[in-house]
Amino acid sequence: MKDFIKKYKSVLIYSFLFFILAYSIKIFTYSYGIDTEMYIINKKAMLDSWLIINRFSLVFLKYLLSWLPFSIFWTNLFTVIFFYLGSVVCFYTFTKNKKIVSSKKQAFFFLTFLATSCIFLEQFQFTLQSLEVAFTFFLFEIGMLYLEKYIFEKKVKYSIITILIVTFSIGCYQSFAPMYLAQGIIYLFLYSTEKRENKELLFMFVKEIFFLIVALILYVLISKITLNYFHLEKGSYLTNQIGWFTNPWSINIKNIIKDGIRFYFGFFFKYPSFSLIHTVIFVYIIKECFIRLKEKDYQHIILLLSIFVSPLILTIILGNIEPIRSDLALGIVISFGASYFLKEKKIYIFTICLLISLGTMLYYQYSDLKRYQNDKQMAYEIYDQVKNEVSDKPLLFIGVQDSDKEGKILKSEVIGRSFFDYWGHNDRIVTFMNSLGLEVTTDTNYIEEGTNLMKDKPSYPHKDSILITEKYVVVKLS
């Protein structure tokens with residue numbers, strides 16, 4: 001590691017500054033998105049909700065950090081730091097004993113492309129858990145480093161360390177399981193460039209799978225023990241996402257194809273600049289496969305295509321289109337592809353791609369900052385009109401309404417999504433207002449009655465959109 005730091009010293013410094021720049025708006029301004037308001041108001045309920053979906057490591061880390069006050073600024077700053085450290089360890093593992101990925105240009109390509117990954121930008125929106133996920137990413141990459149050490153040195157202690165770290169990582173965020181497979185396939189590809197036999201590569205892959213299976217078994221056992229200890233029932237949030245249980249096979253196959261198109265060509269047109277970069281990498285992977293086909297190098301073709309498909313592993317398992325923020329593997333695959341396939345290209349091509357990605361990152365962060373400010377303003381405006389009535393009456397919200405009146409805010413999966421327009425959850429709006437220090441309560445038992453009363457009324461901000469009764473106060477958003 002000392003030699004690595006010495007060789008890449010300048011790259012590490014410049015790339016760290018780039019990470020800070022890429023997330024500068026999140027770090028140096030104040031805003032938060034969905035779920036964070038729940039943690040601010042009802043920490044225990046949020047922790048319990050994680051336990052019932054088997055995220056015991058996430059809860060453990062939260063308890064470990066509970067002696068520190070919850071701070072948006074420090075959370076965002078240390079999220080970036082651990083995200084950066086994990087990225088460095090990831091690249092270090094790629095370069096260890098493999099000369100094919102070793103230049104300073106490749107290091108900078110990899111780190112900066114990963115810094116501007118839309119996957120991690122989405123993950124960043126969940127301020128309540130972003131630090132813990134970033135720390136686990138750093139820890140996960142240390143586990144992958146020990147996997148690589150085991151493959152070369154065959155020491156059992158390295159395999160045990162890998163299994164324990166991977167188990168902990170999956171217990172924080174289940175998406176680390178497919179990420180493990182994606183990086184494992186990249187390792188095989190890099191090893192294959194050293195002219196290894198097919199049997200040797202297959203044996204290495206079997207070991208990787210075996211370690212993952214053991215980690216998953218431990219994960220399930222720890223999850224059950226944790227639920228029993230806290231007297232909680234397992235939730236259905238994760239199992240409900242498995243389309244193979246509920247959808248026809250034809251629908252599941254279509255979902256897999258749609259997700260593949262989304263990853264490399266569109267993201268439903270939410271991230272046009274990122275999609276451009278992904279498409280470039282996809283084209284180079286296919287081009288490389290055709291070159292290898294002429295050489296009858298089937299080993300590399302299979303591995304390259306496996307790398308290409310690896311971000312779809314979770315979609316294939318679920319049969320459903322997965323959330324963008326869940327596909328951590330895609331960020332690694334695209335960044336590796338950029339460092340591997342663009343290493344011989346002119347620097348201006350890389351610079352243009354990077355500037356486009358960076359600009360998109362900052363634009364989305366700025367948009368979400370405006371979204372938060374709009375939400376805050378709307379919450380205060382409504383409160384000012386009902387504050388004299390809600391001290392002893394519940395406040396109900398009917399329908400949804402984006403706080404972005406002018407329609408200028410960019411929206412992705414969670415970034416830019418208003419609390420007043422998020423799945424129409426009355427409780428979310430009230431909890432958000434509570435997180436701002438506004439003392440309001442709600443009672444969903446009155447929602448149906450309030451909806452009927454407001455059926456023919458105009459929507460907010462019309463003066464008739466607010467109804468005050470003896471039992472509750474209703475605000476019609478739509």
# chains A, B, ... in the order shown; residues from 1 in each chain; ligands from 1
>>> closest_atom_pairs(of="region 328-392 of chain A", to="region 244-267 of chain A", cutoff="12 Å", atoms="only C-alpha atoms", output="Markdown table")
| residue | atom | partner | partner_atom | distance |
| --- | --- | --- | --- | --- |
| A:Leu328 | CA | A:Phe263 | CA | 11.7 |
| A:Ala329 | CA | A:Phe263 | CA | 11.1 |
| A:Leu330 | CA | A:Phe263 | CA | 7.8 |
| A:Gly331 | CA | A:Phe263 | CA | 10.2 |
| A:Val333 | CA | A:Phe263 | CA | 11.1 |
| A:Ile334 | CA | A:Tyr264 | CA | 9.5 |
>>> select_by_dssp(residues="region 102-280 of chain A", states="helix (DSSP H, G or I)", output="ChimeraX atom specification")
/A:104-115,118-124,127-153,156-172,176-192,198-230,239-241,243-245,249-269,272-280
>>> residues_around(residues="Gly407 (chain A)", least_positions_apart="2", cutoff="12 Å", atoms="only C-alpha atoms", output="compact mmCIF listing (two decimals) with N, CA, C and O atoms, in the first residue's frame")
# COMPACT_ATOMS: atom_id res chain seq x y z
N SER A 367 -30.78 21.53 -7.92
CA SER A 367 -32.23 21.36 -8.06
C SER A 367 -32.83 20.83 -6.77
O SER A 367 -33.90 21.29 -6.33
N LYS A 370 -33.09 23.50 -4.15
CA LYS A 370 -34.26 24.36 -4.40
C LYS A 370 -35.53 23.63 -3.99
O LYS A 370 -36.47 24.25 -3.47
N ARG A 371 -35.59 22.32 -4.24
CA ARG A 371 -36.75 21.53 -3.83
C ARG A 371 -36.95 21.61 -2.32
O ARG A 371 -38.06 21.84 -1.84
N ASN A 374 -38.20 25.03 -1.37
CA ASN A 374 -39.62 25.16 -1.74
C ASN A 374 -40.51 24.40 -0.76
O ASN A 374 -41.57 24.90 -0.34
N GLN A 401 -49.14 17.52 -4.13
CA GLN A 401 -48.86 18.71 -4.91
C GLN A 401 -47.37 19.03 -4.81
O GLN A 401 -46.84 19.16 -3.72
N ASP A 402 -46.72 19.13 -5.93
CA ASP A 402 -45.29 19.44 -5.95
C ASP A 402 -45.09 20.89 -5.49
O ASP A 402 -45.78 21.80 -5.96
N SER A 403 -44.15 21.09 -4.58
CA SER A 403 -43.85 22.46 -4.12
C SER A 403 -43.16 23.28 -5.19
O SER A 403 -43.01 24.50 -5.07
N ASP A 404 -42.73 22.62 -6.25
CA ASP A 404 -42.10 23.29 -7.39
C ASP A 404 -43.20 23.84 -8.31
O ASP A 404 -43.65 23.16 -9.23
N LYS A 405 -43.63 25.04 -8.05
CA LYS A 405 -44.76 25.62 -8.78
C LYS A 405 -44.44 25.89 -10.25
O LYS A 405 -45.32 25.86 -11.11
N ILE A 409 -37.61 22.14 -11.51
CA ILE A 409 -36.71 21.28 -10.75
C ILE A 409 -36.54 19.93 -11.44
O ILE A 409 -37.53 19.27 -11.78
N LEU A 410 -35.29 19.51 -11.62
CA LEU A 410 -34.99 18.21 -12.20
C LEU A 410 -35.31 17.12 -11.18
O LEU A 410 -34.99 17.25 -10.01
N LYS A 411 -35.91 16.05 -11.65
CA LYS A 411 -36.28 14.96 -10.76
C LYS A 411 -35.73 13.64 -11.27
O LYS A 411 -35.74 13.38 -12.47
N GLY A 416 -34.93 15.61 -5.97
CA GLY A 416 -35.89 16.58 -6.49
C GLY A 416 -37.34 16.26 -6.18
O GLY A 416 -38.24 17.01 -6.57
N ARG A 417 -37.59 15.16 -5.46
CA ARG A 417 -38.96 14.75 -5.13
C ARG A 417 -39.45 15.49 -3.89
O ARG A 417 -38.86 15.38 -2.82
N SER A 418 -40.53 16.22 -4.03
CA SER A 418 -41.07 17.01 -2.94
C SER A 418 -41.73 16.14 -1.88
O SER A 418 -42.35 15.12 -2.19
>>> atom_distance(atom1="CA of Ile213 (chain A)", atom2="CA of Asp327 (chain A)")
19.7 Å
>>> closest_atom_pairs(of="region 388-416 of chain A", to="region 27-37 of chain A", cutoff="12 Å", atoms="only C-alpha atoms", output="tab-separated table")
residue	atom	partner	partner_atom	distance
A:Glu413	CA	A:Ile34	CA	11.1
A:Val414	CA	A:Ile34	CA	7.5
A:Ile415	CA	A:Gly33	CA	7.5
A:Gly416	CA	A:Gly33	CA	8.4
>>> write_last_selection(atoms="C-alpha atoms", output="PDB file, in the first residue's frame")
ATOM      1  CA  GLU A 413     -35.805   8.525  -8.568  1.00  0.00           C
ATOM      2  CA  VAL A 414     -35.610  10.400  -5.253  1.00  0.00           C
ATOM      3  CA  ILE A 415     -33.633  13.565  -6.004  1.00  0.00           C
ATOM      4  CA  GLY A 416     -35.889  16.581  -6.492  1.00  0.00           C
TER       5      GLY A 416
END
>>> residues_around(residues="Phe94 (chain A)", least_positions_apart="3", cutoff="12 Å", atoms="only C-alpha atoms", output="compact mmCIF listing (two decimals) with all heavy atoms, in the first residue's frame")
# COMPACT_ATOMS: atom_id res chain seq x y z
N PHE A 4 1.91 2.03 -3.44
CA PHE A 4 0.76 2.53 -4.18
C PHE A 4 0.55 4.02 -3.90
O PHE A 4 0.37 4.82 -4.83
CB PHE A 4 -0.48 1.73 -3.79
CG PHE A 4 -1.77 2.24 -4.38
CD1 PHE A 4 -2.14 1.90 -5.67
CD2 PHE A 4 -2.61 3.07 -3.64
CE1 PHE A 4 -3.34 2.36 -6.22
CE2 PHE A 4 -3.79 3.55 -4.18
CZ PHE A 4 -4.15 3.20 -5.47
N SER A 87 -13.34 3.97 -2.75
CA SER A 87 -13.00 3.99 -4.18
C SER A 87 -11.51 3.76 -4.39
O SER A 87 -11.10 3.04 -5.31
CB SER A 87 -13.41 5.35 -4.79
OG SER A 87 -14.78 5.60 -4.60
N VAL A 88 -10.69 4.35 -3.53
CA VAL A 88 -9.23 4.18 -3.62
C VAL A 88 -8.85 2.72 -3.36
O VAL A 88 -8.05 2.14 -4.11
CB VAL A 88 -8.51 5.11 -2.63
CG1 VAL A 88 -7.01 4.77 -2.55
CG2 VAL A 88 -8.68 6.57 -3.03
N VAL A 89 -9.42 2.12 -2.32
CA VAL A 89 -9.12 0.72 -2.01
C VAL A 89 -9.56 -0.18 -3.15
O VAL A 89 -8.87 -1.15 -3.51
CB VAL A 89 -9.78 0.29 -0.69
CG1 VAL A 89 -9.55 -1.20 -0.43
CG2 VAL A 89 -9.25 1.11 0.47
N CYS A 90 -10.71 0.14 -3.76
CA CYS A 90 -11.22 -0.64 -4.89
C CYS A 90 -10.22 -0.62 -6.04
O CYS A 90 -9.88 -1.68 -6.60
CB CYS A 90 -12.56 -0.08 -5.34
SG CYS A 90 -13.32 -0.98 -6.71
N PHE A 91 -9.73 0.56 -6.39
CA PHE A 91 -8.77 0.65 -7.49
C PHE A 91 -7.45 -0.02 -7.12
O PHE A 91 -6.82 -0.67 -7.95
CB PHE A 91 -8.52 2.11 -7.88
CG PHE A 91 -7.62 2.25 -9.08
CD1 PHE A 91 -8.10 2.02 -10.35
CD2 PHE A 91 -6.28 2.57 -8.93
CE1 PHE A 91 -7.28 2.11 -11.46
CE2 PHE A 91 -5.44 2.67 -10.02
CZ PHE A 91 -5.94 2.44 -11.30
N ASN A 97 -0.90 -6.80 -8.27
CA ASN A 97 -0.43 -7.97 -9.03
C ASN A 97 -0.98 -8.03 -10.46
O ASN A 97 -0.96 -9.07 -11.09
CB ASN A 97 -0.80 -9.27 -8.30
CG ASN A 97 -0.13 -9.37 -6.95
OD1 ASN A 97 1.05 -9.04 -6.81
ND2 ASN A 97 -0.86 -9.81 -5.95
N LYS A 98 -1.49 -6.91 -10.95
CA LYS A 98 -2.06 -6.89 -12.30
C LYS A 98 -1.59 -5.62 -13.01
O LYS A 98 -2.09 -4.54 -12.74
CB LYS A 98 -3.60 -6.96 -12.25
CG LYS A 98 -4.12 -8.25 -11.66
CD LYS A 98 -5.60 -8.24 -11.50
CE LYS A 98 -6.02 -7.47 -10.27
NZ LYS A 98 -5.64 -8.09 -9.02
N LYS A 99 -0.67 -5.76 -13.90
CA LYS A 99 -0.08 -4.59 -14.55
C LYS A 99 -1.01 -3.95 -15.57
O LYS A 99 -0.78 -2.82 -16.01
CB LYS A 99 1.23 -5.00 -15.24
CG LYS A 99 2.30 -5.48 -14.26
CD LYS A 99 3.56 -5.88 -15.00
CE LYS A 99 4.63 -6.36 -14.01
NZ LYS A 99 5.87 -6.78 -14.71
N ILE A 100 -2.06 -4.65 -15.97
CA ILE A 100 -2.92 -4.15 -17.03
C ILE A 100 -3.71 -2.91 -16.61
O ILE A 100 -4.12 -2.11 -17.43
CB ILE A 100 -3.88 -5.27 -17.50
CG1 ILE A 100 -4.52 -4.87 -18.82
CG2 ILE A 100 -4.94 -5.57 -16.46
CD1 ILE A 100 -5.24 -6.00 -19.50
N VAL A 101 -3.95 -2.75 -15.32
CA VAL A 101 -4.61 -1.55 -14.80
C VAL A 101 -3.68 -0.94 -13.78
O VAL A 101 -3.69 -1.30 -12.61
CB VAL A 101 -5.98 -1.89 -14.15
CG1 VAL A 101 -6.63 -0.62 -13.62
CG2 VAL A 101 -6.89 -2.58 -15.14
N SER A 102 -2.87 0.00 -14.21
CA SER A 102 -1.86 0.51 -13.29
C SER A 102 -1.42 1.94 -13.53
O SER A 102 -0.75 2.52 -12.69
CB SER A 102 -0.62 -0.39 -13.33
OG SER A 102 -0.08 -0.40 -14.64
N SER A 103 -1.79 2.55 -14.67
CA SER A 103 -1.29 3.88 -14.98
C SER A 103 -2.00 4.94 -14.15
O SER A 103 -3.11 4.73 -13.66
CB SER A 103 -1.47 4.19 -16.46
OG SER A 103 -2.84 4.39 -16.77
N GLN A 106 -5.29 5.90 -15.68
CA GLN A 106 -6.38 4.97 -15.37
C GLN A 106 -6.91 5.19 -13.96
O GLN A 106 -8.11 5.12 -13.72
CB GLN A 106 -5.88 3.53 -15.52
CG GLN A 106 -5.70 3.10 -16.97
CD GLN A 106 -5.11 1.71 -17.06
OE1 GLN A 106 -4.08 1.42 -16.48
NE2 GLN A 106 -5.78 0.84 -17.80
N ALA A 107 -6.00 5.47 -13.03
CA ALA A 107 -6.42 5.73 -11.65
C ALA A 107 -7.33 6.94 -11.58
O ALA A 107 -8.38 6.91 -10.92
CB ALA A 107 -5.19 5.93 -10.76
N PHE A 110 -10.75 6.16 -13.21
CA PHE A 110 -11.60 5.33 -12.36
C PHE A 110 -12.20 6.13 -11.21
O PHE A 110 -13.41 6.10 -10.98
CB PHE A 110 -10.80 4.15 -11.80
CG PHE A 110 -11.60 3.26 -10.90
CD1 PHE A 110 -12.42 2.27 -11.43
CD2 PHE A 110 -11.56 3.41 -9.53
CE1 PHE A 110 -13.19 1.46 -10.61
CE2 PHE A 110 -12.32 2.60 -8.69
CZ PHE A 110 -13.13 1.61 -9.23
N GLU A 141 -14.77 -2.87 0.49
CA GLU A 141 -13.61 -2.92 -0.41
C GLU A 141 -12.38 -3.50 0.29
O GLU A 141 -11.54 -4.14 -0.35
CB GLU A 141 -13.30 -1.52 -0.95
CG GLU A 141 -14.37 -0.98 -1.90
CD GLU A 141 -14.61 -1.88 -3.10
OE1 GLU A 141 -13.70 -2.67 -3.46
OE2 GLU A 141 -15.71 -1.81 -3.68
N MET A 144 -12.91 -7.11 -0.09
CA MET A 144 -12.56 -7.55 -1.44
C MET A 144 -11.05 -7.62 -1.61
O MET A 144 -10.53 -8.46 -2.35
CB MET A 144 -13.19 -6.61 -2.48
CG MET A 144 -14.71 -6.57 -2.46
SD MET A 144 -15.47 -8.20 -2.64
CE MET A 144 -15.14 -8.55 -4.36
N LEU A 145 -10.33 -6.74 -0.93
CA LEU A 145 -8.87 -6.79 -0.96
C LEU A 145 -8.37 -8.10 -0.34
O LEU A 145 -7.46 -8.74 -0.87
CB LEU A 145 -8.30 -5.59 -0.20
CG LEU A 145 -6.77 -5.56 -0.02
CD1 LEU A 145 -6.05 -5.54 -1.36
CD2 LEU A 145 -6.37 -4.34 0.81
N LEU A 147 -10.11 -10.84 -0.25
CA LEU A 147 -10.47 -11.89 -1.19
C LEU A 147 -9.37 -12.06 -2.22
O LEU A 147 -8.96 -13.20 -2.53
CB LEU A 147 -11.80 -11.54 -1.89
CG LEU A 147 -12.19 -12.44 -3.06
CD1 LEU A 147 -12.46 -13.86 -2.58
CD2 LEU A 147 -13.42 -11.89 -3.78
N GLU A 148 -8.88 -10.94 -2.73
CA GLU A 148 -7.80 -10.97 -3.71
C GLU A 148 -6.53 -11.57 -3.10
O GLU A 148 -5.83 -12.37 -3.74
CB GLU A 148 -7.56 -9.54 -4.21
CG GLU A 148 -6.82 -9.44 -5.52
CD GLU A 148 -5.32 -9.29 -5.31
OE1 GLU A 148 -4.87 -9.18 -4.15
OE2 GLU A 148 -4.58 -9.29 -6.30
N LYS A 149 -6.25 -11.22 -1.84
CA LYS A 149 -5.07 -11.76 -1.15
C LYS A 149 -5.21 -13.27 -0.96
O LYS A 149 -4.24 -14.02 -1.11
CB LYS A 149 -4.90 -11.07 0.21
CG LYS A 149 -4.39 -9.64 0.12
CD LYS A 149 -4.45 -8.93 1.46
CE LYS A 149 -3.43 -9.48 2.44
NZ LYS A 149 -2.05 -9.18 2.06
N GLN A 183 -17.65 -7.30 -8.87
CA GLN A 183 -16.22 -7.12 -8.70
C GLN A 183 -15.47 -8.44 -8.83
O GLN A 183 -14.35 -8.47 -9.34
CB GLN A 183 -15.93 -6.47 -7.34
CG GLN A 183 -16.20 -4.99 -7.34
CD GLN A 183 -15.68 -4.29 -6.09
OE1 GLN A 183 -16.38 -3.49 -5.49
NE2 GLN A 183 -14.46 -4.57 -5.69
N GLY A 184 -16.08 -9.52 -8.38
CA GLY A 184 -15.44 -10.83 -8.52
C GLY A 184 -15.21 -11.19 -9.98
O GLY A 184 -14.17 -11.74 -10.34
N ILE A 185 -16.18 -10.84 -10.84
CA ILE A 185 -16.04 -11.12 -12.27
C ILE A 185 -14.94 -10.23 -12.87
O ILE A 185 -14.17 -10.68 -13.74
CB ILE A 185 -17.38 -10.90 -12.99
CG1 ILE A 185 -18.41 -11.91 -12.50
CG2 ILE A 185 -17.20 -11.03 -14.51
CD1 ILE A 185 -19.82 -11.65 -12.97
N ILE A 186 -14.86 -8.98 -12.43
CA ILE A 186 -13.80 -8.09 -12.91
C ILE A 186 -12.44 -8.66 -12.53
O ILE A 186 -11.49 -8.64 -13.33
CB ILE A 186 -13.97 -6.67 -12.34
CG1 ILE A 186 -15.21 -6.01 -12.94
CG2 ILE A 186 -12.73 -5.81 -12.63
CD1 ILE A 186 -15.54 -4.64 -12.36
N TYR A 187 -12.31 -9.19 -11.31
CA TYR A 187 -11.05 -9.82 -10.89
C TYR A 187 -10.68 -10.95 -11.84
O TYR A 187 -9.54 -11.09 -12.27
CB TYR A 187 -11.17 -10.39 -9.47
CG TYR A 187 -11.28 -9.36 -8.38
CD1 TYR A 187 -11.68 -9.73 -7.11
CD2 TYR A 187 -11.00 -8.02 -8.60
CE1 TYR A 187 -11.80 -8.80 -6.09
CE2 TYR A 187 -11.11 -7.08 -7.60
CZ TYR A 187 -11.52 -7.47 -6.34
OH TYR A 187 -11.63 -6.55 -5.34
N LEU A 188 -11.67 -11.79 -12.17
CA LEU A 188 -11.41 -12.92 -13.07
C LEU A 188 -10.94 -12.43 -14.44
O LEU A 188 -10.02 -13.01 -15.04
CB LEU A 188 -12.68 -13.76 -13.24
CG LEU A 188 -13.19 -14.49 -11.99
CD1 LEU A 188 -14.47 -15.25 -12.32
CD2 LEU A 188 -12.14 -15.43 -11.45
N PHE A 189 -11.56 -11.36 -14.92
CA PHE A 189 -11.14 -10.80 -16.21
C PHE A 189 -9.69 -10.32 -16.15
O PHE A 189 -8.89 -10.58 -17.07
CB PHE A 189 -12.06 -9.65 -16.62
CG PHE A 189 -11.59 -8.91 -17.84
CD1 PHE A 189 -11.69 -9.48 -19.10
CD2 PHE A 189 -11.03 -7.65 -17.73
CE1 PHE A 189 -11.26 -8.80 -20.24
CE2 PHE A 189 -10.59 -6.96 -18.85
CZ PHE A 189 -10.70 -7.54 -20.10
N LEU A 190 -9.34 -9.63 -15.10
CA LEU A 190 -7.97 -9.14 -14.96
C LEU A 190 -6.97 -10.28 -14.82
O LEU A 190 -5.88 -10.24 -15.38
CB LEU A 190 -7.87 -8.19 -13.75
CG LEU A 190 -8.64 -6.87 -13.88
CD1 LEU A 190 -8.60 -6.09 -12.58
CD2 LEU A 190 -8.08 -6.03 -15.01
N TYR A 191 -7.36 -11.33 -14.08
CA TYR A 191 -6.47 -12.49 -13.96
C TYR A 191 -6.31 -13.20 -15.30
O TYR A 191 -5.25 -13.73 -15.63
CB TYR A 191 -7.03 -13.49 -12.94
CG TYR A 191 -7.19 -12.94 -11.55
CD1 TYR A 191 -8.23 -13.37 -10.74
CD2 TYR A 191 -6.31 -12.00 -11.05
CE1 TYR A 191 -8.40 -12.86 -9.46
CE2 TYR A 191 -6.47 -11.48 -9.78
CZ TYR A 191 -7.51 -11.91 -8.99
OH TYR A 191 -7.68 -11.40 -7.73
N ILE A 332 -19.38 0.74 -10.28
CA ILE A 332 -18.06 0.10 -10.35
C ILE A 332 -17.76 -0.35 -11.78
O ILE A 332 -16.66 -0.14 -12.30
CB ILE A 332 -17.99 -1.10 -9.39
CG1 ILE A 332 -18.17 -0.65 -7.94
CG2 ILE A 332 -16.67 -1.85 -9.56
CD1 ILE A 332 -17.08 0.21 -7.39
N SER A 335 -17.10 2.67 -14.13
CA SER A 335 -15.82 3.31 -13.80
C SER A 335 -14.64 2.44 -14.23
O SER A 335 -13.64 2.93 -14.74
CB SER A 335 -15.75 3.60 -12.30
OG SER A 335 -16.81 4.44 -11.91
N PHE A 336 -14.78 1.13 -14.01
CA PHE A 336 -13.73 0.22 -14.47
C PHE A 336 -13.64 0.25 -16.00
O PHE A 336 -12.54 0.28 -16.56
CB PHE A 336 -14.01 -1.21 -14.00
CG PHE A 336 -13.11 -2.23 -14.63
CD1 PHE A 336 -11.79 -2.36 -14.23
CD2 PHE A 336 -13.57 -3.04 -15.66
CE1 PHE A 336 -10.94 -3.28 -14.83
CE2 PHE A 336 -12.74 -3.97 -16.27
CZ PHE A 336 -11.42 -4.10 -15.85
N SER A 339 -11.78 3.33 -17.13
CA SER A 339 -10.33 3.27 -16.89
C SER A 339 -9.65 2.25 -17.80
O SER A 339 -8.48 2.42 -18.17
CB SER A 339 -10.05 2.92 -15.43
OG SER A 339 -10.52 1.63 -15.11
N TYR A 340 -10.38 1.21 -18.18
CA TYR A 340 -9.78 0.14 -19.00
C TYR A 340 -9.86 0.44 -20.49
O TYR A 340 -8.87 0.30 -21.22
CB TYR A 340 -10.47 -1.19 -18.70
CG TYR A 340 -9.88 -2.35 -19.47
CD1 TYR A 340 -8.69 -2.94 -19.05
CD2 TYR A 340 -10.52 -2.85 -20.60
CE1 TYR A 340 -8.14 -4.00 -19.77
CE2 TYR A 340 -9.98 -3.91 -21.31
CZ TYR A 340 -8.79 -4.48 -20.89
OH TYR A 340 -8.25 -5.53 -21.60
>>> residues_around(residues="region 67-83 of chain A", least_positions_apart="6", cutoff="9 Å", atoms="only C-alpha atoms", output="list in words")
Phe16, Phe19, Ile20, Tyr23, Lys26, Ile27, Phe28, Thr29, Tyr30, Ser31, Tyr32, Ile40, Ala115, Phe120, Phe124, Thr127, Leu128, Gln129, Ser130, Leu131, Glu132, Val133, Ala134, Phe135, Thr136, Phe137 and Phe138 of chain A
>>> write_last_selection(atoms="C-alpha atoms", output="CSV table (one decimal), in the first residue's frame")
chain,number,residue,atom,x,y,z
A,16,PHE,CA,-10.0,13.8,-3.5
A,19,PHE,CA,-14.8,14.3,-4.9
A,20,ILE,CA,-15.3,17.4,-2.7
A,23,TYR,CA,-20.6,16.8,-3.9
A,26,LYS,CA,-24.6,18.7,-0.7
A,27,ILE,CA,-21.7,19.3,1.7
A,28,PHE,CA,-21.9,23.1,2.0
A,29,THR,CA,-25.6,23.7,1.9
A,30,TYR,CA,-28.5,22.4,4.1
A,31,SER,CA,-31.1,20.0,2.8
A,32,TYR,CA,-32.4,16.5,3.2
A,40,ILE,CA,-35.1,13.1,12.9
A,115,ALA,CA,-17.2,10.1,-8.0
A,120,PHE,CA,-24.0,7.1,-5.5
A,124,PHE,CA,-26.5,10.4,-1.1
A,127,THR,CA,-28.8,11.4,4.5
A,128,LEU,CA,-30.0,9.3,7.4
A,129,GLN,CA,-28.0,6.3,6.2
A,130,SER,CA,-25.5,7.7,3.6
A,131,LEU,CA,-22.6,7.9,6.0
A,132,GLU,CA,-23.2,4.3,7.2
A,133,VAL,CA,-23.5,3.0,3.6
A,134,ALA,CA,-20.4,4.9,2.6
A,135,PHE,CA,-18.4,3.5,5.5
A,136,THR,CA,-19.6,0.0,4.7
A,137,PHE,CA,-18.5,0.5,1.1
A,138,PHE,CA,-15.1,1.3,2.4
>>> closest_residue(among="A:Ala177, A:Leu61, A:Ile5, A:Ile25", to="Leu369 (chain A)", atoms="only C-alpha atoms")
A:Ile25
>>> residues_around(residues="Met38 (chain A)", least_positions_apart="2", cutoff="12 Å", atoms="only C-alpha atoms", output="number ranges by chain")
A: 32-36, 40-49, 126-129, 419, 427-436
>>> residues_around(residues="region 440-456 of chain A", least_positions_apart="3", cutoff="7 Å", atoms="only C-alpha atoms", output="list in words")
Val390, Ser391, Pro394, Leu395, Leu396, Ile398, Val430, Asn434, Val474 and Lys476 of chain A
>>> atom_distance(atom1="CA of Glu389 (chain A)", atom2="CA of Tyr39 (chain A)")
26.6 Å
>>> closest_residue(among="A:Ser192, A:Thr93, A:Thr112, A:Asn426", to="Leu17 (chain A)", atoms="only C-alpha atoms")
A:Thr112
>>> atom_distance(atom1="CA of Leu216 (chain A)", atom2="CA of Ile53 (chain A)")
14.4 Å
